[in-house]
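Enquirer: Dropping in upload-v1.pdb, with PDB, C-alpha atoms and all ligand atoms.
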```pdb
ATOM      1  CA  MET P   6      -9.345 -22.689 -32.425  1.00  0.00           C
ATOM      2  CA  THR P   7      -8.805 -26.168 -30.961  1.00  0.00           C
ATOM      3  CA  GLU P   8     -10.900 -29.054 -32.282  1.00  0.00           C
ATOM      4  CA  LEU P   9     -12.228 -30.885 -29.204  1.00  0.00           C
ATOM      5  CA  LEU P  10     -11.774 -34.537 -30.173  1.00  0.00           C
ATOM      6  CA  TYR P  11     -13.025 -35.828 -26.783  1.00  0.00           C
ATOM      7  CA  GLN P  12     -16.458 -34.338 -27.471  1.00  0.00           C
ATOM      8  CA  THR P  13     -17.193 -36.875 -30.192  1.00  0.00           C
ATOM      9  CA  ASP P  14     -14.899 -39.724 -29.084  1.00  0.00           C
ATOM     10  CA  SER P  15     -14.264 -39.933 -25.363  1.00  0.00           C
ATOM     11  CA  TYR P  16     -12.324 -43.201 -25.852  1.00  0.00           C
ATOM     12  CA  LEU P  17      -9.575 -41.546 -27.926  1.00  0.00           C
ATOM     13  CA  ARG P  18      -6.298 -41.959 -26.010  1.00  0.00           C
ATOM     14  CA  SER P  19      -3.732 -40.491 -28.407  1.00  0.00           C
ATOM     15  CA  PHE P  20      -3.789 -38.096 -31.356  1.00  0.00           C
ATOM     16  CA  ASP P  21      -1.550 -36.152 -33.752  1.00  0.00           C
ATOM     17  CA  ALA P  22      -1.655 -32.370 -33.618  1.00  0.00           C
ATOM     18  CA  THR P  23       0.216 -29.154 -34.381  1.00  0.00           C
ATOM     19  CA  GLY P  24       1.109 -26.332 -32.002  1.00  0.00           C
ATOM     20  CA  THR P  25      -0.849 -23.118 -32.710  1.00  0.00           C
ATOM     21  CA  ALA P  26       0.030 -20.772 -29.819  1.00  0.00           C
ATOM     22  CA  LEU P  27       2.459 -20.570 -26.910  1.00  0.00           C
ATOM     23  CA  ASP P  28       2.013 -19.382 -23.348  1.00  0.00           C
ATOM     24  CA  GLU P  29       5.715 -18.968 -22.528  1.00  0.00           C
ATOM     25  CA  GLU P  30       5.158 -17.634 -19.041  1.00  0.00           C
ATOM     26  CA  ASN P  31       3.223 -20.713 -17.905  1.00  0.00           C
ATOM     27  CA  HIS P  32       5.054 -23.153 -20.171  1.00  0.00           C
ATOM     28  CA  GLY P  33       1.980 -24.046 -22.195  1.00  0.00           C
ATOM     29  CA  ILE P  34       1.166 -24.800 -25.821  1.00  0.00           C
ATOM     30  CA  ALA P  35      -2.184 -24.667 -27.622  1.00  0.00           C
ATOM     31  CA  LEU P  36      -2.853 -27.367 -30.229  1.00  0.00           C
ATOM     32  CA  ASP P  37      -5.073 -27.385 -33.327  1.00  0.00           C
ATOM     33  CA  ARG P  38      -6.837 -30.515 -31.990  1.00  0.00           C
ATOM     34  CA  THR P  39      -6.834 -32.362 -28.690  1.00  0.00           C
ATOM     35  CA  ALA P  40      -8.208 -35.328 -26.764  1.00  0.00           C
ATOM     36  CA  PHE P  41      -7.267 -33.664 -23.469  1.00  0.00           C
ATOM     37  CA  TYR P  42     -10.293 -32.605 -21.431  1.00  0.00           C
ATOM     38  CA  PRO P  43      -9.493 -29.083 -20.209  1.00  0.00           C
ATOM     39  CA  GLY P  44     -11.582 -29.281 -17.024  1.00  0.00           C
ATOM     40  CA  GLY P  45     -15.069 -27.953 -16.282  1.00  0.00           C
ATOM     41  CA  GLY P  46     -18.486 -29.046 -15.027  1.00  0.00           C
ATOM     42  CA  GLY P  47     -16.869 -30.673 -11.984  1.00  0.00           C
ATOM     43  CA  GLN P  48     -14.580 -32.928 -14.039  1.00  0.00           C
ATOM     44  CA  PRO P  49     -10.851 -32.216 -13.583  1.00  0.00           C
ATOM     45  CA  ALA P  50      -8.538 -31.631 -16.558  1.00  0.00           C
ATOM     46  CA  ASP P  51      -6.602 -34.529 -18.068  1.00  0.00           C
ATOM     47  CA  ILE P  52      -2.897 -35.120 -17.648  1.00  0.00           C
ATOM     48  CA  GLY P  53      -0.573 -37.165 -19.884  1.00  0.00           C
ATOM     49  CA  TYR P  54       2.277 -36.752 -22.374  1.00  0.00           C
ATOM     50  CA  LEU P  55       3.239 -34.778 -25.438  1.00  0.00           C
ATOM     51  CA  GLN P  56       5.711 -36.461 -27.751  1.00  0.00           C
ATOM     52  CA  VAL P  57       7.841 -34.031 -29.767  1.00  0.00           C
ATOM     53  CA  ARG P  58      10.354 -35.738 -32.072  1.00  0.00           C
ATOM     54  CA  ASP P  59      12.028 -38.177 -29.650  1.00  0.00           C
ATOM     55  CA  THR P  60      11.189 -36.406 -26.420  1.00  0.00           C
ATOM     56  CA  ASN P  61       8.238 -37.101 -24.155  1.00  0.00           C
ATOM     57  CA  PHE P  62       7.042 -34.061 -22.200  1.00  0.00           C
ATOM     58  CA  SER P  63       4.726 -34.536 -19.236  1.00  0.00           C
ATOM     59  CA  ILE P  64       1.491 -32.569 -19.543  1.00  0.00           C
ATOM     60  CA  ILE P  65       0.615 -31.588 -15.993  1.00  0.00           C
ATOM     61  CA  ARG P  66      -2.690 -29.894 -16.798  1.00  0.00           C
ATOM     62  CA  ALA P  67      -4.842 -28.582 -19.634  1.00  0.00           C
ATOM     63  CA  ARG P  68      -7.011 -25.498 -19.718  1.00  0.00           C
ATOM     64  CA  LYS P  69      -9.414 -23.901 -22.195  1.00  0.00           C
ATOM     65  CA  ILE P  70      -8.809 -20.213 -22.817  1.00  0.00           C
ATOM     66  CA  GLY P  71     -11.249 -18.706 -25.322  1.00  0.00           C
ATOM     67  CA  ASP P  72     -11.545 -21.286 -28.092  1.00  0.00           C
ATOM     68  CA  GLN P  73      -8.083 -22.773 -27.571  1.00  0.00           C
ATOM     69  CA  VAL P  74      -6.957 -25.601 -25.299  1.00  0.00           C
ATOM     70  CA  PHE P  75      -3.528 -25.013 -23.727  1.00  0.00           C
ATOM     71  CA  HIS P  76      -1.444 -27.944 -22.524  1.00  0.00           C
ATOM     72  CA  TYR P  77       0.974 -27.101 -19.711  1.00  0.00           C
ATOM     73  CA  LEU P  78       4.273 -28.936 -19.733  1.00  0.00           C
ATOM     74  CA  GLU P  79       6.556 -29.897 -16.939  1.00  0.00           C
ATOM     75  CA  GLY P  80       9.297 -27.262 -16.638  1.00  0.00           C
ATOM     76  CA  GLY P  81      12.925 -27.649 -17.662  1.00  0.00           C
ATOM     77  CA  LEU P  82      12.580 -28.642 -21.308  1.00  0.00           C
ATOM     78  CA  PRO P  83      12.090 -26.069 -24.096  1.00  0.00           C
ATOM     79  CA  LEU P  84       8.572 -25.727 -25.534  1.00  0.00           C
ATOM     80  CA  PRO P  85       7.968 -27.246 -28.989  1.00  0.00           C
ATOM     81  CA  SER P  86       7.959 -24.722 -31.852  1.00  0.00           C
ATOM     82  CA  LEU P  87       4.738 -23.529 -33.417  1.00  0.00           C
ATOM     83  CA  GLY P  88       3.793 -25.554 -36.467  1.00  0.00           C
ATOM     84  CA  GLU P  89       5.737 -28.553 -35.220  1.00  0.00           C
ATOM     85  CA  LYS P  90       4.002 -31.941 -35.364  1.00  0.00           C
ATOM     86  CA  VAL P  91       3.389 -33.445 -31.936  1.00  0.00           C
ATOM     87  CA  ARG P  92       1.620 -36.500 -30.565  1.00  0.00           C
ATOM     88  CA  GLY P  93      -0.527 -36.255 -27.449  1.00  0.00           C
ATOM     89  CA  GLN P  94      -1.219 -39.174 -25.163  1.00  0.00           C
ATOM     90  CA  LEU P  95      -3.601 -39.233 -22.210  1.00  0.00           C
ATOM     91  CA  ASP P  96      -2.969 -40.765 -18.814  1.00  0.00           C
ATOM     92  CA  TRP P  97      -5.690 -43.206 -19.811  1.00  0.00           C
ATOM     93  CA  GLU P  98      -6.093 -45.019 -16.521  1.00  0.00           C
ATOM     94  CA  ARG P  99      -6.922 -41.777 -14.726  1.00  0.00           C
ATOM     95  CA  ARG P 100      -9.149 -40.472 -17.552  1.00  0.00           C
ATOM     96  CA  TYR P 101     -11.142 -43.726 -17.752  1.00  0.00           C
ATOM     97  CA  GLN P 102     -11.696 -43.596 -13.995  1.00  0.00           C
ATOM     98  CA  LEU P 103     -13.004 -40.043 -14.452  1.00  0.00           C
ATOM     99  CA  MET P 104     -15.337 -41.190 -17.260  1.00  0.00           C
ATOM    100  CA  ARG P 105     -16.758 -43.874 -14.978  1.00  0.00           C
ATOM    101  CA  THR P 106     -17.060 -41.386 -12.122  1.00  0.00           C
ATOM    102  CA  HIS P 107     -18.712 -38.717 -14.272  1.00  0.00           C
ATOM    103  CA  THR P 108     -21.231 -41.238 -15.583  1.00  0.00           C
ATOM    104  CA  ALA P 109     -21.911 -42.395 -12.001  1.00  0.00           C
ATOM    105  CA  MET P 110     -22.792 -38.794 -11.103  1.00  0.00           C
ATOM    106  CA  HIS P 111     -25.348 -38.655 -13.924  1.00  0.00           C
ATOM    107  CA  ILE P 112     -26.877 -41.950 -12.759  1.00  0.00           C
ATOM    108  CA  LEU P 113     -27.171 -40.479  -9.255  1.00  0.00           C
ATOM    109  CA  CYS P 114     -28.821 -37.307 -10.635  1.00  0.00           C
ATOM    110  CA  GLY P 115     -31.214 -39.331 -12.761  1.00  0.00           C
ATOM    111  CA  VAL P 116     -32.234 -41.651  -9.925  1.00  0.00           C
ATOM    112  CA  ILE P 117     -32.710 -38.861  -7.381  1.00  0.00           C
ATOM    113  CA  PHE P 118     -34.816 -36.810  -9.755  1.00  0.00           C
ATOM    114  CA  ARG P 119     -36.892 -39.826 -10.840  1.00  0.00           C
ATOM    115  CA  ASP P 120     -37.482 -41.199  -7.315  1.00  0.00           C
ATOM    116  CA  TYR P 121     -37.596 -37.997  -5.220  1.00  0.00           C
ATOM    117  CA  GLY P 122     -38.062 -35.103  -7.665  1.00  0.00           C
ATOM    118  CA  ALA P 123     -34.926 -33.433  -6.316  1.00  0.00           C
ATOM    119  CA  SER P 124     -32.801 -31.326  -8.672  1.00  0.00           C
ATOM    120  CA  VAL P 125     -29.027 -31.165  -8.726  1.00  0.00           C
ATOM    121  CA  THR P 126     -27.368 -27.799  -8.071  1.00  0.00           C
ATOM    122  CA  GLY P 127     -23.689 -28.672  -8.444  1.00  0.00           C
ATOM    123  CA  GLY P 128     -20.997 -31.278  -8.106  1.00  0.00           C
ATOM    124  CA  ASP P 129     -17.343 -32.083  -8.092  1.00  0.00           C
ATOM    125  CA  MET P 130     -15.293 -35.230  -8.719  1.00  0.00           C
ATOM    126  CA  ASP P 131     -11.906 -36.882  -8.541  1.00  0.00           C
ATOM    127  CA  PRO P 132     -11.048 -40.281 -10.016  1.00  0.00           C
ATOM    128  CA  LEU P 133     -13.438 -42.827  -8.427  1.00  0.00           C
ATOM    129  CA  GLN P 134     -15.069 -40.404  -5.994  1.00  0.00           C
ATOM    130  CA  GLY P 135     -17.475 -37.512  -6.230  1.00  0.00           C
ATOM    131  CA  ARG P 136     -20.008 -35.352  -4.482  1.00  0.00           C
ATOM    132  CA  MET P 137     -23.230 -33.794  -5.684  1.00  0.00           C
ATOM    133  CA  ASP P 138     -25.476 -31.125  -4.206  1.00  0.00           C
ATOM    134  CA  PHE P 139     -29.247 -31.438  -4.445  1.00  0.00           C
ATOM    135  CA  GLU P 140     -32.296 -29.426  -3.465  1.00  0.00           C
ATOM    136  CA  PHE P 141     -33.484 -32.424  -1.492  1.00  0.00           C
ATOM    137  CA  GLU P 142     -35.325 -31.409   1.677  1.00  0.00           C
ATOM    138  CA  THR P 143     -36.548 -34.955   2.452  1.00  0.00           C
ATOM    139  CA  MET P 144     -33.081 -36.587   2.334  1.00  0.00           C
ATOM    140  CA  HIS P 145     -32.331 -38.550   5.516  1.00  0.00           C
ATOM    141  CA  LYS P 146     -30.053 -41.411   6.475  1.00  0.00           C
ATOM    142  CA  ASP P 147     -32.615 -44.166   5.864  1.00  0.00           C
ATOM    143  CA  LEU P 148     -32.541 -43.247   2.180  1.00  0.00           C
ATOM    144  CA  VAL P 149     -28.813 -43.901   1.750  1.00  0.00           C
ATOM    145  CA  ASP P 150     -29.204 -47.664   1.192  1.00  0.00           C
ATOM    146  CA  LYS P 151     -32.240 -47.195  -1.039  1.00  0.00           C
ATOM    147  CA  ILE P 152     -30.435 -44.693  -3.250  1.00  0.00           C
ATOM    148  CA  GLU P 153     -27.370 -46.915  -3.413  1.00  0.00           C
ATOM    149  CA  GLN P 154     -29.489 -49.890  -4.487  1.00  0.00           C
ATOM    150  CA  ALA P 155     -31.327 -47.850  -7.110  1.00  0.00           C
ATOM    151  CA  VAL P 156     -28.140 -46.463  -8.713  1.00  0.00           C
ATOM    152  CA  ASN P 157     -26.563 -49.918  -8.859  1.00  0.00           C
ATOM    153  CA  GLN P 158     -29.739 -51.250 -10.437  1.00  0.00           C
ATOM    154  CA  GLU P 159     -29.238 -48.742 -13.290  1.00  0.00           C
ATOM    155  CA  ILE P 160     -25.693 -50.081 -13.776  1.00  0.00           C
ATOM    156  CA  THR P 161     -27.053 -53.626 -13.973  1.00  0.00           C
ATOM    157  CA  GLU P 162     -29.584 -52.446 -16.571  1.00  0.00           C
ATOM    158  CA  ALA P 163     -26.610 -51.663 -18.871  1.00  0.00           C
ATOM    159  CA  ARG P 164     -28.179 -48.500 -20.231  1.00  0.00           C
ATOM    160  CA  PRO P 165     -26.515 -46.960 -23.313  1.00  0.00           C
ATOM    161  CA  VAL P 166     -25.052 -43.470 -22.895  1.00  0.00           C
ATOM    162  CA  ARG P 167     -25.594 -41.328 -26.001  1.00  0.00           C
ATOM    163  CA  VAL P 168     -23.856 -38.093 -26.887  1.00  0.00           C
ATOM    164  CA  VAL P 169     -25.514 -35.762 -29.419  1.00  0.00           C
ATOM    165  CA  ILE P 170     -24.631 -32.222 -30.491  1.00  0.00           C
ATOM    166  CA  LEU P 171     -27.774 -30.183 -31.219  1.00  0.00           C
ATOM    167  CA  PRO P 172     -28.467 -26.684 -32.563  1.00  0.00           C
ATOM    168  CA  ARG P 173     -29.238 -24.344 -29.655  1.00  0.00           C
ATOM    169  CA  ASP P 174     -32.895 -23.727 -30.615  1.00  0.00           C
ATOM    170  CA  VAL P 175     -33.609 -27.471 -30.848  1.00  0.00           C
ATOM    171  CA  ALA P 176     -32.025 -28.197 -27.452  1.00  0.00           C
ATOM    172  CA  PHE P 177     -33.963 -25.347 -25.852  1.00  0.00           C
ATOM    173  CA  GLN P 178     -37.249 -27.098 -26.644  1.00  0.00           C
ATOM    174  CA  ILE P 179     -36.457 -30.356 -24.826  1.00  0.00           C
ATOM    175  CA  PRO P 180     -38.279 -30.367 -21.462  1.00  0.00           C
ATOM    176  CA  ASP P 181     -35.636 -32.498 -19.650  1.00  0.00           C
ATOM    177  CA  LEU P 182     -32.954 -29.995 -20.631  1.00  0.00           C
ATOM    178  CA  ILE P 183     -35.041 -27.001 -19.607  1.00  0.00           C
ATOM    179  CA  ARG P 184     -35.296 -28.444 -16.095  1.00  0.00           C
ATOM    180  CA  THR P 185     -31.481 -28.593 -15.879  1.00  0.00           C
ATOM    181  CA  LYS P 186     -31.349 -24.806 -16.376  1.00  0.00           C
ATOM    182  CA  ILE P 187     -30.059 -24.960 -19.936  1.00  0.00           C
ATOM    183  CA  ASN P 188     -31.266 -21.347 -20.279  1.00  0.00           C
ATOM    184  CA  LEU P 189     -28.186 -20.287 -18.292  1.00  0.00           C
ATOM    185  CA  LEU P 190     -25.933 -21.201 -21.244  1.00  0.00           C
ATOM    186  CA  PRO P 191     -24.181 -18.092 -22.614  1.00  0.00           C
ATOM    187  CA  GLU P 192     -25.856 -16.598 -25.720  1.00  0.00           C
ATOM    188  CA  GLY P 193     -22.798 -17.124 -27.909  1.00  0.00           C
ATOM    189  CA  ILE P 194     -23.085 -20.908 -27.676  1.00  0.00           C
ATOM    190  CA  LEU P 195     -24.874 -22.023 -30.836  1.00  0.00           C
ATOM    191  CA  GLN P 196     -24.559 -25.772 -30.368  1.00  0.00           C
ATOM    192  CA  VAL P 197     -25.442 -27.759 -27.280  1.00  0.00           C
ATOM    193  CA  ARG P 198     -23.797 -31.096 -26.515  1.00  0.00           C
ATOM    194  CA  THR P 199     -26.204 -33.422 -24.745  1.00  0.00           C
ATOM    195  CA  VAL P 200     -25.419 -36.568 -22.795  1.00  0.00           C
ATOM    196  CA  GLU P 201     -28.281 -39.024 -22.383  1.00  0.00           C
ATOM    197  CA  ILE P 202     -28.395 -42.114 -20.220  1.00  0.00           C
ATOM    198  CA  VAL P 203     -31.164 -43.704 -22.220  1.00  0.00           C
ATOM    199  CA  GLY P 204     -34.334 -43.981 -20.160  1.00  0.00           C
ATOM    200  CA  LEU P 205     -32.868 -42.228 -17.106  1.00  0.00           C
ATOM    201  CA  ASP P 206     -31.144 -38.874 -17.525  1.00  0.00           C
ATOM    202  CA  LEU P 207     -30.518 -36.143 -20.099  1.00  0.00           C
ATOM    203  CA  GLN P 208     -28.206 -33.184 -19.560  1.00  0.00           C
ATOM    204  CA  ALA P 209     -26.323 -30.528 -21.492  1.00  0.00           C
ATOM    205  CA  ASP P 210     -22.739 -31.454 -20.717  1.00  0.00           C
ATOM    206  CA  GLY P 211     -19.231 -30.981 -22.099  1.00  0.00           C
ATOM    207  CA  GLY P 212     -17.543 -33.780 -20.161  1.00  0.00           C
ATOM    208  CA  THR P 213     -16.422 -37.326 -20.947  1.00  0.00           C
ATOM    209  CA  HIS P 214     -18.555 -40.356 -20.080  1.00  0.00           C
ATOM    210  CA  VAL P 215     -18.486 -44.113 -20.685  1.00  0.00           C
ATOM    211  CA  ALA P 216     -20.677 -45.556 -23.451  1.00  0.00           C
ATOM    212  CA  ASN P 217     -22.745 -47.837 -21.228  1.00  0.00           C
ATOM    213  CA  THR P 218     -23.670 -47.710 -17.529  1.00  0.00           C
ATOM    214  CA  SER P 219     -22.347 -51.257 -17.104  1.00  0.00           C
ATOM    215  CA  GLU P 220     -18.789 -49.862 -17.402  1.00  0.00           C
ATOM    216  CA  VAL P 221     -19.162 -47.758 -14.248  1.00  0.00           C
ATOM    217  CA  GLY P 222     -18.658 -50.529 -11.677  1.00  0.00           C
ATOM    218  CA  HIS P 223     -20.258 -50.645  -8.236  1.00  0.00           C
ATOM    219  CA  ILE P 224     -21.304 -47.319  -6.674  1.00  0.00           C
ATOM    220  CA  ARG P 225     -21.288 -46.765  -2.929  1.00  0.00           C
ATOM    221  CA  VAL P 226     -23.084 -43.858  -1.268  1.00  0.00           C
ATOM    222  CA  VAL P 227     -20.475 -43.148   1.402  1.00  0.00           C
ATOM    223  CA  ASP P 228     -21.901 -40.113   3.178  1.00  0.00           C
ATOM    224  CA  TYR P 229     -24.252 -37.174   3.033  1.00  0.00           C
ATOM    225  CA  LYS P 230     -24.350 -33.786   4.712  1.00  0.00           C
ATOM    226  CA  SER P 231     -26.960 -31.118   5.198  1.00  0.00           C
ATOM    227  CA  LYS P 232     -25.912 -27.799   3.740  1.00  0.00           C
ATOM    228  CA  GLY P 233     -28.995 -26.060   5.160  1.00  0.00           C
ATOM    229  CA  LYS P 234     -32.617 -27.159   5.396  1.00  0.00           C
ATOM    230  CA  ILE P 235     -33.068 -27.863   1.704  1.00  0.00           C
ATOM    231  CA  ASN P 236     -29.581 -28.403   0.301  1.00  0.00           C
ATOM    232  CA  LYS P 237     -28.015 -31.827   0.767  1.00  0.00           C
ATOM    233  CA  ARG P 238     -24.603 -33.015  -0.384  1.00  0.00           C
ATOM    234  CA  ILE P 239     -24.229 -36.701  -1.281  1.00  0.00           C
ATOM    235  CA  TYR P 240     -20.808 -38.379  -1.483  1.00  0.00           C
ATOM    236  CA  VAL P 241     -20.185 -41.458  -3.633  1.00  0.00           C
ATOM    237  CA  SER P 242     -17.274 -43.717  -4.401  1.00  0.00           C
ATOM    238  CA  ILE P 243     -16.846 -46.192  -7.245  1.00  0.00           C
ATOM    239  CA  GLU P 244     -15.351 -49.636  -6.786  1.00  0.00           C
TER     240      GLU P 244
HETATM  241 ZN    ZN W 301     -21.889 -34.124 -16.244  1.00  0.00          ZN
END
```
Mind turning this structure into structure tokens?

Expert:
Amino acid sequence: MTELLYQTDSYLRSFDATGTALDEENHGIALDRTAFYPGGGGQPADIGYLQVRDTNFSIIRARKIGDQVFHYLEGGLPLPSLGEKVRGQLDWERRYQLMRTHTAMHILCGVIFRDYGASVTGGDMDPLQGRMDFEFETMHKDLVDKIEQAVNQEITEARPVRVVILPRDVAFQIPDLIRTKINLLPEGILQVRTVEIVGLDLQADGGTHVANTSEVGHIRVVDYKSKGKINKRIYVSIE
């Protein structure tokens, strides 16, 4: 089992760990603990480096398989041995951009639900840009500027972003979480990690976010598309 260090400290950039399993075919190694986000919920996996003795290996992606996180290394060099001490280091610039972007997406969700009652159905992001799908029948182009202003207002408000891990039965009684379809979580999950933008948005979420909305920067709503009568896709970029 891999301890997911990013779940409790998303600002952790490097960490010491030990190899626990190998995936020889794909040139990957599982670690007993990691700060690498393995991808999911629209947020891409981290990349970075693994230092083994004096050699730096590039980690080109990470992936969660069962309860282990595998780190896939650039080919050519031999994999570290199991039990060997290693040091992981994130590509921090890229990860921090993803934290800002992910938080921007939650601000967008919070604002659109608060102002228009529209629920999010999905989303995807890259560093400094993202898109989200909403059940938002009344979306039209005159709203673009209004939405952009409202999300940037929430950044100016400098709202704290709080991460809490709750027992499943406690989380299942919180109305804001019920509306985000928390009931779709697999039965085996006994703890629910929640991410709250205080006063704006609360979601069950495994991703990495900044600690305050003021860190996000300026959000631009760059486009939107109709994906049918009700479903609308909104594109944002972060400056
Ligand atoms: Zn999220």

Enquirer: What do you get, as a ChimeraX atom specification, if you spell out every residue that the PyMOL selection byres (((chain P and resi 222-234) around 9) and not hetatm) selects here?

Expert: /P:105,109,136,138,141-142,144-146,149-150,152-154,156-157,160,218-221,235-244

Enquirer: Could I get the residue neighbourhood of ligand ZN 301 (chain W) at 8 Å, counting only C-alpha atoms and all ligand atoms, as a list in words?

Expert: Gly46, Gly47, Gln48, His107, Thr108, Met110, His111, Val200, Gln208, Ala209, Asp210, Gly211, Gly212 and Thr213 of chain P

Enquirer: For the structure provided, state which residues fall under the PyMOL selection byres (((chain P and resi 175-192) around 10) and not hetatm), and present them as a ChimeraX atom specification.

Expert: /P:124-126,170-174,193-199,206-210

Enquirer: Nearest residue to Tyr11 of chain P out of P:Ile34, P:Leu78, P:Ile112, P:Ala40, using only C-alpha atoms?

Expert: P:Ala40

Enquirer: Record the distance separating atom CA of Asp72 of chain P and atom CA of Tyr101 of chain P, expressed in Å with one decimal.

Expert: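 Atom-to-atom, atom CA of Asp72 of chain P to atom CA of Tyr101 of chain P, that is 24.7 Å.
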
Enquirer: Quick one: 4 Å padding each side, axis-aligned, all listed atoms of segment 77-95 of chain P - centre and edge lengths in Å to one decimal, as JSON?

Expert:
```
{"center_x": 4.7, "center_y": -31.4, "center_z": -26.6, "size_x": 24.5, "size_y": 23.7, "size_z": 27.8}
```

Enquirer: Which residues are close to Gly24 of chain P, i.e. within 12 Å by all atoms listed in the file, leaving aside same-chain residues fewer than 5 positions away? Reply as a ChimeraX atom specification.

Expert: /P:6-7,33-39,55-57,73-76,84-93

Enquirer: Neighbouring residues of segment 131-133 of chain P were defined as those with any atom within 7 Å, considering all atoms listed in the file; residues of the same chain fewer than 5 positions away were excluded. Please report them as number ranges by chain.

Expert: P: 49, 99, 102-103, 106, 242-243

Enquirer: Which is closer to Glu162 of chain P than all the others in P:Gly128, P:Val203, P:Asp96, P:Asp14, using only C-alpha atoms?

Expert: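 Result for the nearest residue to Glu162 of chain P: P:Val203.
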
Enquirer: Rounded to one decimal in Å, what is the spacing between atom CA of Gly127 of chain P and atom CA of Phe139 of chain P?

Expert: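 Atom-to-atom, atom CA of Gly127 of chain P and atom CA of Phe139 of chain P are spaced 7.4 Å apart.
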
Enquirer: Report the distance between atom CA of Phe20 of chain P and atom CA of Val169 of chain P in Å, rounded to one decimal place.

Expert: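 Here the two named atoms are 21.9 Å from each other.
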